[in-house]
Every structure is written in C-alpha cells, then in structure tokens.
file entry_9.cif (mmCIF, C-alpha atoms and all ligand atoms)
data_coords
loop_
_atom_site.group_PDB
_atom_site.id
_atom_site.type_symbol
_atom_site.label_atom_id
_atom_site.label_comp_id
_atom_site.auth_asym_id
_atom_site.auth_seq_id
_atom_site.Cartn_x
_atom_site.Cartn_y
_atom_site.Cartn_z
ATOM 1 C CA MET A 11 10.256 39.839 -6.976
ATOM 2 C CA ILE A 12 9.798 36.189 -7.825
ATOM 3 C CA PRO A 13 11.979 33.953 -5.645
ATOM 4 C CA GLU A 14 14.752 32.157 -7.477
ATOM 5 C CA SER A 15 13.285 28.789 -6.545
ATOM 6 C CA VAL A 16 10.019 29.576 -8.272
ATOM 7 C CA LYS A 17 11.497 30.803 -11.539
ATOM 8 C CA ALA A 18 11.916 27.358 -13.054
ATOM 9 C CA VAL A 19 8.296 26.633 -12.386
ATOM 10 C CA VAL A 20 7.311 29.923 -13.922
ATOM 11 C CA GLU A 21 9.401 29.230 -16.996
ATOM 12 C CA GLY A 22 7.397 26.076 -17.462
ATOM 13 C CA VAL A 23 4.200 28.088 -17.571
ATOM 14 C CA GLY A 24 5.176 30.593 -20.212
ATOM 15 C CA ALA A 25 5.652 34.293 -20.576
ATOM 16 C CA LEU A 26 2.026 35.273 -20.178
ATOM 17 C CA ALA A 27 1.566 33.676 -16.786
ATOM 18 C CA ALA A 28 4.995 34.870 -15.733
ATOM 19 C CA ALA A 29 4.002 38.423 -16.622
ATOM 20 C CA GLY A 30 0.861 37.955 -14.561
ATOM 21 C CA LEU A 31 2.909 36.721 -11.663
ATOM 22 C CA ALA A 32 5.297 39.621 -11.897
ATOM 23 C CA ALA A 33 2.368 42.018 -11.919
ATOM 24 C CA GLY A 34 0.101 40.385 -9.404
ATOM 25 C CA GLY A 35 2.318 38.101 -7.409
ATOM 26 C CA PHE A 36 0.997 34.851 -6.111
ATOM 27 C CA ALA A 37 -2.536 36.141 -5.814
ATOM 28 C CA TYR A 38 -2.876 35.937 -9.574
ATOM 29 C CA ALA A 39 -1.868 32.326 -9.802
ATOM 30 C CA ALA A 40 -3.749 31.257 -6.713
ATOM 31 C CA MET A 41 -6.992 32.861 -7.782
ATOM 32 C CA SER A 42 -6.940 32.076 -11.479
ATOM 33 C CA PRO A 43 -8.571 28.760 -12.347
ATOM 34 C CA GLN A 44 -6.677 28.811 -15.658
ATOM 35 C CA SER A 45 -3.304 29.141 -13.960
ATOM 36 C CA ARG A 46 -1.087 26.178 -14.538
ATOM 37 C CA LEU A 47 1.517 27.381 -12.086
ATOM 38 C CA PHE A 48 0.398 25.190 -9.241
ATOM 39 C CA GLY A 49 0.152 22.179 -11.506
ATOM 40 C CA THR A 50 3.702 22.599 -12.779
ATOM 41 C CA THR A 51 6.645 20.742 -11.379
ATOM 42 C CA LEU A 52 10.335 20.500 -12.171
ATOM 43 C CA VAL A 53 11.247 17.279 -13.950
ATOM 44 C CA ALA A 54 14.242 17.863 -16.234
ATOM 45 C CA PRO A 55 15.140 20.479 -18.845
ATOM 46 C CA GLN A 56 16.248 20.096 -22.444
ATOM 47 C CA ARG A 57 19.915 19.639 -21.595
ATOM 48 C CA ARG A 58 21.384 16.698 -23.355
ATOM 49 C CA GLY A 59 24.083 15.013 -21.409
ATOM 50 C CA GLN A 60 23.105 16.081 -17.894
ATOM 51 C CA ILE A 61 22.197 13.670 -15.116
ATOM 52 C CA ALA A 62 20.860 14.605 -11.677
ATOM 53 C CA LEU A 63 21.207 11.741 -9.245
ATOM 54 C CA THR A 64 18.547 12.037 -6.550
ATOM 55 C CA PHE A 65 18.223 9.822 -3.484
ATOM 56 C CA ASP A 66 14.921 9.482 -1.643
ATOM 57 C CA ASP A 67 13.778 8.309 1.790
ATOM 58 C CA GLY A 68 16.976 8.867 3.778
ATOM 59 C CA PRO A 69 19.044 9.782 5.590
ATOM 60 C CA ASN A 70 19.857 6.221 6.560
ATOM 61 C CA PRO A 71 22.838 5.549 8.860
ATOM 62 C CA ALA A 72 23.589 2.192 7.212
ATOM 63 C CA TRP A 73 23.529 3.209 3.546
ATOM 64 C CA THR A 74 23.812 6.961 3.131
ATOM 65 C CA PRO A 75 27.450 7.133 4.348
ATOM 66 C CA GLN A 76 28.436 4.528 1.738
ATOM 67 C CA LEU A 77 26.793 6.638 -0.912
ATOM 68 C CA LEU A 78 28.559 9.759 0.334
ATOM 69 C CA ASP A 79 31.936 8.002 0.106
ATOM 70 C CA LEU A 80 31.139 6.847 -3.404
ATOM 71 C CA LEU A 81 30.058 10.318 -4.535
ATOM 72 C CA ALA A 82 33.113 11.918 -2.910
ATOM 73 C CA ARG A 83 35.459 9.491 -4.703
ATOM 74 C CA HIS A 84 33.952 10.575 -8.014
ATOM 75 C CA ARG A 85 33.639 14.253 -7.009
ATOM 76 C CA VAL A 86 29.942 14.132 -7.852
ATOM 77 C CA LYS A 87 27.225 16.072 -6.025
ATOM 78 C CA ALA A 88 23.697 14.727 -5.707
ATOM 79 C CA THR A 89 20.313 15.736 -4.324
ATOM 80 C CA PHE A 90 18.878 14.015 -1.236
ATOM 81 C CA PHE A 91 15.116 14.109 -0.655
ATOM 82 C CA MET A 92 14.941 13.399 3.044
ATOM 83 C CA ILE A 93 12.170 12.211 5.307
ATOM 84 C CA GLY A 94 11.967 14.780 8.110
ATOM 85 C CA LYS A 95 11.548 12.212 10.850
ATOM 86 C CA TYR A 96 14.756 10.424 9.787
ATOM 87 C CA ALA A 97 16.678 13.684 9.466
ATOM 88 C CA GLY A 98 15.679 14.476 13.046
ATOM 89 C CA GLU A 99 17.026 11.092 14.139
ATOM 90 C CA GLU A 100 20.283 11.621 12.207
ATOM 91 C CA PRO A 101 21.177 15.299 12.615
ATOM 92 C CA TYR A 102 24.946 14.815 12.236
ATOM 93 C CA LEU A 103 24.583 12.762 9.092
ATOM 94 C CA THR A 104 22.097 15.296 7.707
ATOM 95 C CA ARG A 105 24.430 18.199 8.394
ATOM 96 C CA TYR A 106 27.366 16.311 6.920
ATOM 97 C CA ILE A 107 25.467 15.762 3.669
ATOM 98 C CA ALA A 108 24.750 19.483 3.367
ATOM 99 C CA GLU A 109 28.311 20.457 4.276
ATOM 100 C CA ALA A 110 29.662 18.060 1.665
ATOM 101 C CA GLY A 111 27.934 20.215 -0.942
ATOM 102 C CA HIS A 112 24.952 18.048 -1.759
ATOM 103 C CA VAL A 113 21.498 19.555 -2.127
ATOM 104 C CA ILE A 114 18.845 18.617 0.408
ATOM 105 C CA GLY A 115 15.156 18.414 -0.426
ATOM 106 C CA ASN A 116 11.965 17.929 1.574
ATOM 107 C CA HIS A 117 10.257 14.534 1.193
ATOM 108 C CA THR A 118 7.668 15.079 3.985
ATOM 109 C CA TRP A 119 7.858 14.145 7.650
ATOM 110 C CA SER A 120 6.371 10.639 7.531
ATOM 111 C CA HIS A 121 6.053 9.742 3.817
ATOM 112 C CA PRO A 122 2.272 9.682 3.344
ATOM 113 C CA ASN A 123 0.583 9.752 -0.048
ATOM 114 C CA LEU A 124 -0.296 13.441 -0.070
ATOM 115 C CA ALA A 125 -3.037 12.943 -2.648
ATOM 116 C CA LEU A 126 -4.922 11.131 0.136
ATOM 117 C CA THR A 127 -3.940 13.466 2.986
ATOM 118 C CA SER A 128 -5.984 16.392 4.343
ATOM 119 C CA PRO A 129 -4.751 19.849 3.294
ATOM 120 C CA LYS A 130 -4.047 20.701 6.938
ATOM 121 C CA LYS A 131 -1.902 17.599 7.416
ATOM 122 C CA VAL A 132 -0.130 18.235 4.081
ATOM 123 C CA LYS A 133 0.982 21.639 5.335
ATOM 124 C CA GLU A 134 2.148 20.139 8.626
ATOM 125 C CA GLU A 135 4.161 17.419 6.841
ATOM 126 C CA LEU A 136 5.934 19.952 4.631
ATOM 127 C CA LYS A 137 6.463 22.672 7.210
ATOM 128 C CA ARG A 138 7.720 20.424 9.999
ATOM 129 C CA THR A 139 10.241 18.824 7.645
ATOM 130 C CA LYS A 140 11.399 22.140 6.236
ATOM 131 C CA GLN A 141 11.911 23.521 9.741
ATOM 132 C CA MET A 142 13.822 20.422 10.848
ATOM 133 C CA LEU A 143 16.107 20.416 7.795
ATOM 134 C CA GLU A 144 16.787 24.138 8.014
ATOM 135 C CA HIS A 145 17.392 23.938 11.743
ATOM 136 C CA ILE A 146 19.955 21.168 11.247
ATOM 137 C CA THR A 147 21.734 22.478 8.157
ATOM 138 C CA GLY A 148 21.305 26.224 8.601
ATOM 139 C CA MET A 149 20.423 26.436 4.915
ATOM 140 C CA PRO A 150 17.166 26.951 3.032
ATOM 141 C CA VAL A 151 15.475 23.879 1.551
ATOM 142 C CA PRO A 152 14.751 24.755 -2.063
ATOM 143 C CA PHE A 153 13.058 21.567 -3.299
ATOM 144 C CA PHE A 154 10.179 19.278 -2.414
ATOM 145 C CA ARG A 155 9.363 15.855 -3.854
ATOM 146 C CA PRO A 156 5.980 14.295 -3.011
ATOM 147 C CA PRO A 157 6.163 10.647 -1.889
ATOM 148 C CA TYR A 158 4.885 8.336 -4.657
ATOM 149 C CA GLY A 159 4.468 11.474 -6.779
ATOM 150 C CA GLY A 160 1.102 11.873 -5.013
ATOM 151 C CA ARG A 161 -0.113 15.446 -5.307
ATOM 152 C CA ARG A 162 -2.998 17.827 -5.787
ATOM 153 C CA PRO A 163 -2.941 21.532 -6.636
ATOM 154 C CA ASP A 164 -3.038 22.431 -2.935
ATOM 155 C CA VAL A 165 -0.029 20.167 -2.253
ATOM 156 C CA LEU A 166 2.073 21.979 -4.850
ATOM 157 C CA ASN A 167 0.672 25.265 -3.584
ATOM 158 C CA ALA A 168 1.768 24.446 -0.034
ATOM 159 C CA ALA A 169 5.290 23.675 -1.258
ATOM 160 C CA LEU A 170 5.511 26.926 -3.215
ATOM 161 C CA ASP A 171 4.195 28.895 -0.229
ATOM 162 C CA LEU A 172 7.114 27.482 1.764
ATOM 163 C CA GLY A 173 9.571 28.561 -0.947
ATOM 164 C CA MET A 174 10.130 25.078 -2.382
ATOM 165 C CA THR A 175 10.004 24.021 -6.013
ATOM 166 C CA PRO A 176 8.035 20.772 -6.450
ATOM 167 C CA VAL A 177 10.124 18.124 -8.199
ATOM 168 C CA LEU A 178 9.177 14.835 -9.847
ATOM 169 C CA TRP A 179 11.510 12.624 -11.918
ATOM 170 C CA ASN A 180 11.869 11.020 -15.358
ATOM 171 C CA ALA A 181 14.068 7.986 -14.609
ATOM 172 C CA MET A 182 13.070 5.473 -11.965
ATOM 173 C CA THR A 183 12.890 1.722 -11.597
ATOM 174 C CA HIS A 184 11.898 -0.537 -8.713
ATOM 175 C CA ASP A 185 15.238 -0.208 -6.929
ATOM 176 C CA TRP A 186 13.440 -0.610 -3.583
ATOM 177 C CA LYS A 187 12.537 -4.210 -4.414
ATOM 178 C CA ASP A 188 14.877 -5.275 -7.230
ATOM 179 C CA ARG A 189 17.804 -7.081 -5.549
ATOM 180 C CA SER A 190 20.104 -6.864 -8.581
ATOM 181 C CA ALA A 191 22.254 -3.744 -8.870
ATOM 182 C CA GLU A 192 23.049 -4.673 -12.493
ATOM 183 C CA SER A 193 19.354 -4.815 -13.334
ATOM 184 C CA ILE A 194 18.629 -1.499 -11.571
ATOM 185 C CA ALA A 195 21.553 0.301 -13.202
ATOM 186 C CA GLY A 196 20.791 -1.284 -16.583
ATOM 187 C CA ARG A 197 17.195 -0.090 -16.573
ATOM 188 C CA LEU A 198 18.126 3.402 -15.415
ATOM 189 C CA GLY A 199 20.949 3.609 -17.946
ATOM 190 C CA ASP A 200 18.586 2.636 -20.764
ATOM 191 C CA ARG A 201 16.249 5.393 -19.632
ATOM 192 C CA VAL A 202 19.073 7.958 -19.390
ATOM 193 C CA ASP A 203 20.128 7.054 -22.937
ATOM 194 C CA ALA A 204 16.555 7.261 -24.265
ATOM 195 C CA LEU A 205 16.086 10.693 -22.681
ATOM 196 C CA GLY A 206 19.439 11.797 -24.073
ATOM 197 C CA ARG A 207 18.332 10.834 -27.596
ATOM 198 C CA ARG A 208 15.439 13.290 -27.100
ATOM 199 C CA GLY A 209 17.860 15.957 -25.883
ATOM 200 C CA LEU A 210 16.602 15.706 -22.314
ATOM 201 C CA ALA A 211 18.474 15.663 -19.051
ATOM 202 C CA ALA A 212 17.820 12.739 -16.706
ATOM 203 C CA ASN A 213 16.335 13.191 -13.238
ATOM 204 C CA VAL A 214 17.218 9.797 -11.744
ATOM 205 C CA VAL A 215 15.658 8.422 -8.552
ATOM 206 C CA LEU A 216 17.320 5.869 -6.290
ATOM 207 C CA HIS A 217 16.555 5.177 -2.627
ATOM 208 C CA ASP A 218 19.077 5.393 0.216
ATOM 209 C CA GLY A 219 16.437 4.791 2.877
ATOM 210 C CA GLY A 220 13.237 2.874 3.478
ATOM 211 C CA SER A 221 10.016 4.862 3.576
ATOM 212 C CA GLN A 222 8.464 2.520 6.153
ATOM 213 C CA ALA A 223 11.512 1.288 8.088
ATOM 214 C CA GLN A 224 15.116 2.400 8.479
ATOM 215 C CA GLY A 225 16.388 -1.195 8.439
ATOM 216 C CA THR A 226 15.694 -1.701 4.742
ATOM 217 C CA ASP A 227 18.573 -3.140 2.672
ATOM 218 C CA ARG A 228 19.659 -0.467 0.198
ATOM 219 C CA GLY A 229 22.835 -2.250 -0.893
ATOM 220 C CA PRO A 230 21.576 -2.812 -4.455
ATOM 221 C CA SER A 231 20.652 0.879 -4.796
ATOM 222 C CA VAL A 232 24.086 2.015 -3.593
ATOM 223 C CA GLU A 233 25.786 -0.459 -5.928
ATOM 224 C CA ALA A 234 23.553 0.680 -8.797
ATOM 225 C CA ALA A 235 24.671 4.266 -8.165
ATOM 226 C CA LYS A 236 28.262 3.066 -8.446
ATOM 227 C CA LEU A 237 27.530 1.330 -11.756
ATOM 228 C CA LEU A 238 25.853 4.466 -13.123
ATOM 229 C CA LEU A 239 28.830 6.596 -12.099
ATOM 230 C CA ASP A 240 31.198 4.120 -13.753
ATOM 231 C CA ARG A 241 29.097 4.203 -16.921
ATOM 232 C CA TYR A 242 28.622 7.954 -17.234
ATOM 233 C CA ILE A 243 31.603 9.673 -15.601
ATOM 234 C CA GLY A 244 33.388 11.534 -18.378
ATOM 235 C CA VAL A 245 30.473 10.879 -20.739
ATOM 236 C CA ARG A 246 27.700 12.879 -19.077
ATOM 237 C CA ARG A 247 27.700 15.742 -16.606
ATOM 238 C CA PHE A 248 26.347 15.055 -13.116
ATOM 239 C CA VAL A 249 24.495 18.008 -11.614
ATOM 240 C CA THR A 250 22.351 18.844 -8.604
ATOM 241 C CA LEU A 251 18.795 20.063 -9.125
ATOM 242 C CA ASP A 252 19.726 23.666 -8.437
ATOM 243 C CA ALA A 253 21.531 23.642 -11.793
ATOM 244 C CA TRP A 254 18.094 23.515 -13.404
ATOM 245 C CA VAL A 255 16.380 26.472 -11.747
HETATM 246 ZN ZN ZN B 1 9.863 8.247 -1.028
#

call {"tool": "encode", "arguments": {"input": "entry_9.cif", "output": "structure tokens"}}
result
Amino acid sequence: MIPESVKAVVEGVGALAAAGLAAGGFAYAAMSPQSRLFGTTLVAPQRRGQIALTFDDGPNPAWTPQLLDLLARHRVKATFFMIGKYAGEEPYLTRYIAEAGHVIGNHTWSHPNLALTSPKKVKEELKRTKQMLEHITGMPVPFFRPPYGGRRPDVLNAALDLGMTPVLWNAMTHDWKDRSAESIAGRLGDRVDALGRRGLAANVVLHDGGSQAQGTDRGPSVEAAKLLLDRYIGVRRFVTLDAWV
C-alpha cells in the first residue's frame, strides 16, 4: 500500500508510474532511470482560491509566539518547516505549535544546502530532525522542505524513505532581508493573485526564524503575515499542506 504522504507525489507522476509503484513498490521507482517520482515535489495544486501559509527556519522564541497569536485570532492553521536544532532548543514551543493544530515539517537539522551535502550527511540531517520533531510532538512528520530548495534525486529519495513528501513553494519574496512588511505582503499578494488567475493555489513562504542565528529580526515577516490575513480572510481559503495530499 502506498503511504498517504506519497500519494500526492505519485499523482504528479501519472497513472503509469503509479501503477508501477502499486505493483512493484519503491523498488520500481528507485531502480528505473525513467522514473520521475524522486524528482517530483509538492508545490501547489490547481485549486483556485486556496492559500497555504508556510513558515520556515523556526521555531523562534521571539517571533513564533506572535505568529501563533495572530493565526489563532484569525482561526487560521499554517505549516511550520522547522530546523531540528531549534526545535530541540524549544521543545515546549514546538509541542504547542503541533497541539494548536498547525502542521509541522522537517527543514533539516542545521539548514545546509543539501545539493552540496554528502548523501550520508543528508540522511543524518533529515533523520535526526524527524526523530526530534516526532519525539517532541508525538506525531508523524509528513513533509520536508529542502533549505534554499537545494536538492538532488537522492535528497528527495531520502525524504520519501522517511515517509515525508518533499515540498517546495510558488510564492516567496526576500522577507528575510526586506524590512518593509507592506513591501513583503504586497509582493506576495501580487503573486497569490497571479497564481489565482491561473487557477492555482498559493504555497506562500515566510520566515519566523533565522537559518544562521536565532536572534534575527522577523518582525516584518510577522507583520506581513498579518497583512496577508487581513487581505485574504473571507476572500480565499487558508489551508495546511495536508489539504493537498
Ligand atoms: Zn530555510
């Protein structure tokens, strides 16, 4: 049986490969040079009007709680791609995020560019983070997002082997360096609208932590999230990534 978390990836490949998977399991995809399975990632489906807010590089004790308050006020759930090392430093915050109904994803242990990382170290980064997150939350971690989008077939393969769907995005701006929330939210909103005109859902990235240091100012990103909620509440539907698999 194909795990639920892999189905979305399989759907992206097509019926033929899916039939092969059903018949031969992962061996088929792993051994076939023509298989696109391990090159396929979840971005966003054809679902006009849906927005998935995703927050990378946390949890961060200064900024994530503000975001959680904001999301709770609007009764919106989001997806948090956490750095394993930070989750380990903030177990109560991590557990609180999961218990509040948000989805937690794996964003590696130390945020390397996995396209430049040895296969052995890639596996360690993913596995250690998965174990930490599952230990803290008591729940499976269904998604993985590679830092910087850096990936190779073996990176995606490692994620799938650990039961995680690889996820990229289709709406991002430089919120980690742009100091204007209006500018960040404006750019993301333009992108959400453009995707919507093509009938596509928006997979939006903002950052609640700093990949290199926890002390990073994420005020503009939190404020941009507020502006996006103000703009789209009642107009679009906010979903977590598990709505798309
Ligand atoms: Zn990141």

call {"tool": "resolve_selection", "arguments": {"input": "entry_9.cif", "expression": "the PyMOL selection byres (((chain A and resi 123) around 8) and not hetatm)", "output": "ChimeraX atom specification"}}
result
/A:121-122,124-127,156-161

call {"tool": "atom_distance", "arguments": {"input": "entry_9.cif", "atom1": "CA of Met174 (chain A)", "atom2": "CA of Arg201 (chain A)"}}
result
26.9 Å

call {"tool": "resolve_selection", "arguments": {"input": "entry_9.cif", "expression": "the PyMOL selection byres (((not hetatm)) within 9 of (chain B and resi 1))", "output": "list in words"}}
result
Phe65, Asp66, Asp67, Gly68, Phe91, Met92, Ile93, His117, Thr118, His121, Pro122, Arg155, Pro156, Pro157, Tyr158, Gly159, His217, Gly219, Gly220 and Ser221 of chain A

call {"tool": "resolve_selection", "arguments": {"input": "entry_9.cif", "expression": "the PyMOL selection byres (((chain A and resi 95) around 9) and not hetatm)", "output": "PDB file with C-alpha atoms, in the frame of the given file"}}
result
ATOM      1  CA  MET A  92      14.941  13.399   3.044  1.00  0.00           C
ATOM      2  CA  ILE A  93      12.170  12.211   5.307  1.00  0.00           C
ATOM      3  CA  GLY A  94      11.967  14.780   8.110  1.00  0.00           C
ATOM      4  CA  TYR A  96      14.756  10.424   9.787  1.00  0.00           C
ATOM      5  CA  ALA A  97      16.678  13.684   9.466  1.00  0.00           C
ATOM      6  CA  GLY A  98      15.679  14.476  13.046  1.00  0.00           C
ATOM      7  CA  GLU A  99      17.026  11.092  14.139  1.00  0.00           C
ATOM      8  CA  GLU A 100      20.283  11.621  12.207  1.00  0.00           C
ATOM      9  CA  THR A 118       7.668  15.079   3.985  1.00  0.00           C
ATOM     10  CA  TRP A 119       7.858  14.145   7.650  1.00  0.00           C
ATOM     11  CA  SER A 120       6.371  10.639   7.531  1.00  0.00           C
ATOM     12  CA  THR A 139      10.241  18.824   7.645  1.00  0.00           C
ATOM     13  CA  MET A 142      13.822  20.422  10.848  1.00  0.00           C
TER      14      MET A 142
END

call {"tool": "atom_distance", "arguments": {"input": "entry_9.cif", "atom1": "CA of Asp203 (chain A)", "atom2": "CA of Arg58 (chain A)"}}
result
9.7 Å

call {"tool": "residues_around", "arguments": {"input": "entry_9.cif", "residues": "region 114-116 of chain A", "least_positions_apart": "3", "cutoff": "6 Å", "atoms": "all atoms listed in the file", "output": "PyMOL selection string"}}
result
chain A and resi 89-92+151+153-154

call {"tool": "closest_residue", "arguments": {"input": "entry_9.cif", "among": "A:Ala169, A:Arg189, A:Pro163, A:Trp179", "to": "Lys137 (chain A)", "atoms": "only C-alpha atoms"}}
result
A:Ala169

call {"tool": "residues_around", "arguments": {"input": "entry_9.cif", "residues": "Asn213 (chain A)", "least_positions_apart": "6", "cutoff": "8 Å", "atoms": "all atoms listed in the file", "output": "list of chain:residue names"}}
result
A:Val53, A:Ala54, A:Ile61, A:Ala62, A:Leu63, A:Thr64, A:Trp179, A:Asn180, A:Ala181

call {"tool": "atom_distance", "arguments": {"input": "entry_9.cif", "atom1": "CA of Val132 (chain A)", "atom2": "CA of Val177 (chain A)"}}
result
16.0 Å

call {"tool": "closest_residue", "arguments": {"input": "entry_9.cif", "among": "A:Gly229, A:Gly59, A:Pro101, A:Gly244", "to": "Ala212 (chain A)", "atoms": "all atoms listed in the file"}}
result
A:Gly59

call {"tool": "closest_residue", "arguments": {"input": "entry_9.cif", "among": "A:Leu52, A:Met149, A:Ala235, A:Ala204", "to": "Trp73 (chain A)", "atoms": "all atoms listed in the file"}}
result
A:Ala235

call {"tool": "axis_aligned_box", "arguments": {"input": "entry_9.cif", "around": "region 105-115 of chain A", "padding_each_side": "8 Å", "output": "AutoDock Vina command-line options"}}
result
--center_x 22.4 --center_y 18.1 --center_z 3.1 --size_x 30.5 --size_y 20.7 --size_z 26.5

call {"tool": "residues_around", "arguments": {"input": "entry_9.cif", "residues": "Gln76 (chain A)", "least_positions_apart": "2", "cutoff": "12 Å", "atoms": "only C-alpha atoms", "output": "number ranges by chain"}}
result
A: 69-74, 78-83, 103, 107, 218, 228-233, 235-236

call {"tool": "build_atoms", "arguments": {"input": "entry_9.cif", "residues": "region 225-249 of chain A", "atoms": "N, CA and C atoms", "output": "PDB file, keeping the file's coordinate frame"}}
result
ATOM      1  N   GLY A 225      15.544  -0.023   8.582  1.00  0.00           N
ATOM      2  CA  GLY A 225      16.388  -1.195   8.439  1.00  0.00           C
ATOM      3  C   GLY A 225      16.462  -1.788   7.045  1.00  0.00           C
ATOM      4  N   THR A 226      15.765  -1.168   6.096  1.00  0.00           N
ATOM      5  CA  THR A 226      15.694  -1.701   4.742  1.00  0.00           C
ATOM      6  C   THR A 226      17.083  -1.841   4.095  1.00  0.00           C
ATOM      7  N   ASP A 227      17.306  -2.929   3.371  1.00  0.00           N
ATOM      8  CA  ASP A 227      18.573  -3.140   2.672  1.00  0.00           C
ATOM      9  C   ASP A 227      18.619  -2.293   1.405  1.00  0.00           C
ATOM     10  N   ARG A 228      19.513  -1.309   1.384  1.00  0.00           N
ATOM     11  CA  ARG A 228      19.659  -0.467   0.198  1.00  0.00           C
ATOM     12  C   ARG A 228      20.988  -0.742  -0.520  1.00  0.00           C
ATOM     13  N   GLY A 229      21.585  -1.882  -0.224  1.00  0.00           N
ATOM     14  CA  GLY A 229      22.835  -2.250  -0.893  1.00  0.00           C
ATOM     15  C   GLY A 229      22.730  -2.222  -2.414  1.00  0.00           C
ATOM     16  N   PRO A 230      21.689  -2.831  -2.986  1.00  0.00           N
ATOM     17  CA  PRO A 230      21.576  -2.812  -4.455  1.00  0.00           C
ATOM     18  C   PRO A 230      21.451  -1.392  -5.026  1.00  0.00           C
ATOM     19  N   SER A 231      20.789  -0.500  -4.297  1.00  0.00           N
ATOM     20  CA  SER A 231      20.652   0.879  -4.796  1.00  0.00           C
ATOM     21  C   SER A 231      22.001   1.599  -4.768  1.00  0.00           C
ATOM     22  N   VAL A 232      22.760   1.393  -3.693  1.00  0.00           N
ATOM     23  CA  VAL A 232      24.086   2.015  -3.593  1.00  0.00           C
ATOM     24  C   VAL A 232      25.003   1.470  -4.696  1.00  0.00           C
ATOM     25  N   GLU A 233      24.961   0.162  -4.889  1.00  0.00           N
ATOM     26  CA  GLU A 233      25.786  -0.459  -5.928  1.00  0.00           C
ATOM     27  C   GLU A 233      25.351   0.012  -7.325  1.00  0.00           C
ATOM     28  N   ALA A 234      24.051   0.189  -7.501  1.00  0.00           N
ATOM     29  CA  ALA A 234      23.553   0.680  -8.797  1.00  0.00           C
ATOM     30  C   ALA A 234      24.066   2.093  -9.056  1.00  0.00           C
ATOM     31  N   ALA A 235      24.125   2.910  -8.012  1.00  0.00           N
ATOM     32  CA  ALA A 235      24.671   4.266  -8.165  1.00  0.00           C
ATOM     33  C   ALA A 235      26.124   4.189  -8.631  1.00  0.00           C
ATOM     34  N   LYS A 236      26.860   3.239  -8.049  1.00  0.00           N
ATOM     35  CA  LYS A 236      28.262   3.066  -8.446  1.00  0.00           C
ATOM     36  C   LYS A 236      28.355   2.688  -9.926  1.00  0.00           C
ATOM     37  N   LEU A 237      27.512   1.768 -10.357  1.00  0.00           N
ATOM     38  CA  LEU A 237      27.530   1.330 -11.756  1.00  0.00           C
ATOM     39  C   LEU A 237      27.175   2.486 -12.699  1.00  0.00           C
ATOM     40  N   LEU A 238      26.225   3.315 -12.285  1.00  0.00           N
ATOM     41  CA  LEU A 238      25.853   4.466 -13.123  1.00  0.00           C
ATOM     42  C   LEU A 238      26.995   5.472 -13.209  1.00  0.00           C
ATOM     43  N   LEU A 239      27.684   5.687 -12.081  1.00  0.00           N
ATOM     44  CA  LEU A 239      28.830   6.596 -12.099  1.00  0.00           C
ATOM     45  C   LEU A 239      29.913   6.036 -13.012  1.00  0.00           C
ATOM     46  N   ASP A 240      30.177   4.737 -12.897  1.00  0.00           N
ATOM     47  CA  ASP A 240      31.198   4.120 -13.753  1.00  0.00           C
ATOM     48  C   ASP A 240      30.847   4.269 -15.237  1.00  0.00           C
ATOM     49  N   ARG A 241      29.553   4.156 -15.527  1.00  0.00           N
ATOM     50  CA  ARG A 241      29.097   4.203 -16.921  1.00  0.00           C
ATOM     51  C   ARG A 241      29.134   5.613 -17.516  1.00  0.00           C
ATOM     52  N   TYR A 242      28.833   6.617 -16.672  1.00  0.00           N
ATOM     53  CA  TYR A 242      28.622   7.954 -17.234  1.00  0.00           C
ATOM     54  C   TYR A 242      29.664   9.010 -16.857  1.00  0.00           C
ATOM     55  N   ILE A 243      30.555   8.689 -15.924  1.00  0.00           N
ATOM     56  CA  ILE A 243      31.603   9.673 -15.601  1.00  0.00           C
ATOM     57  C   ILE A 243      32.429   9.917 -16.863  1.00  0.00           C
ATOM     58  N   GLY A 244      32.617  11.184 -17.192  1.00  0.00           N
ATOM     59  CA  GLY A 244      33.388  11.534 -18.378  1.00  0.00           C
ATOM     60  C   GLY A 244      32.569  11.502 -19.653  1.00  0.00           C
ATOM     61  N   VAL A 245      31.356  10.963 -19.561  1.00  0.00           N
ATOM     62  CA  VAL A 245      30.473  10.879 -20.739  1.00  0.00           C
ATOM     63  C   VAL A 245      29.334  11.885 -20.592  1.00  0.00           C
ATOM     64  N   ARG A 246      28.781  11.940 -19.396  1.00  0.00           N
ATOM     65  CA  ARG A 246      27.700  12.879 -19.077  1.00  0.00           C
ATOM     66  C   ARG A 246      28.163  13.773 -17.942  1.00  0.00           C
ATOM     67  N   ARG A 247      27.382  14.834 -17.700  1.00  0.00           N
ATOM     68  CA  ARG A 247      27.700  15.742 -16.606  1.00  0.00           C
ATOM     69  C   ARG A 247      26.694  15.525 -15.478  1.00  0.00           C
ATOM     70  N   PHE A 248      27.212  15.240 -14.282  1.00  0.00           N
ATOM     71  CA  PHE A 248      26.347  15.055 -13.116  1.00  0.00           C
ATOM     72  C   PHE A 248      26.108  16.404 -12.445  1.00  0.00           C
ATOM     73  N   VAL A 249      24.846  16.717 -12.205  1.00  0.00           N
ATOM     74  CA  VAL A 249      24.495  18.008 -11.614  1.00  0.00           C
ATOM     75  C   VAL A 249      23.533  17.805 -10.441  1.00  0.00           C
TER      76      VAL A 249
END
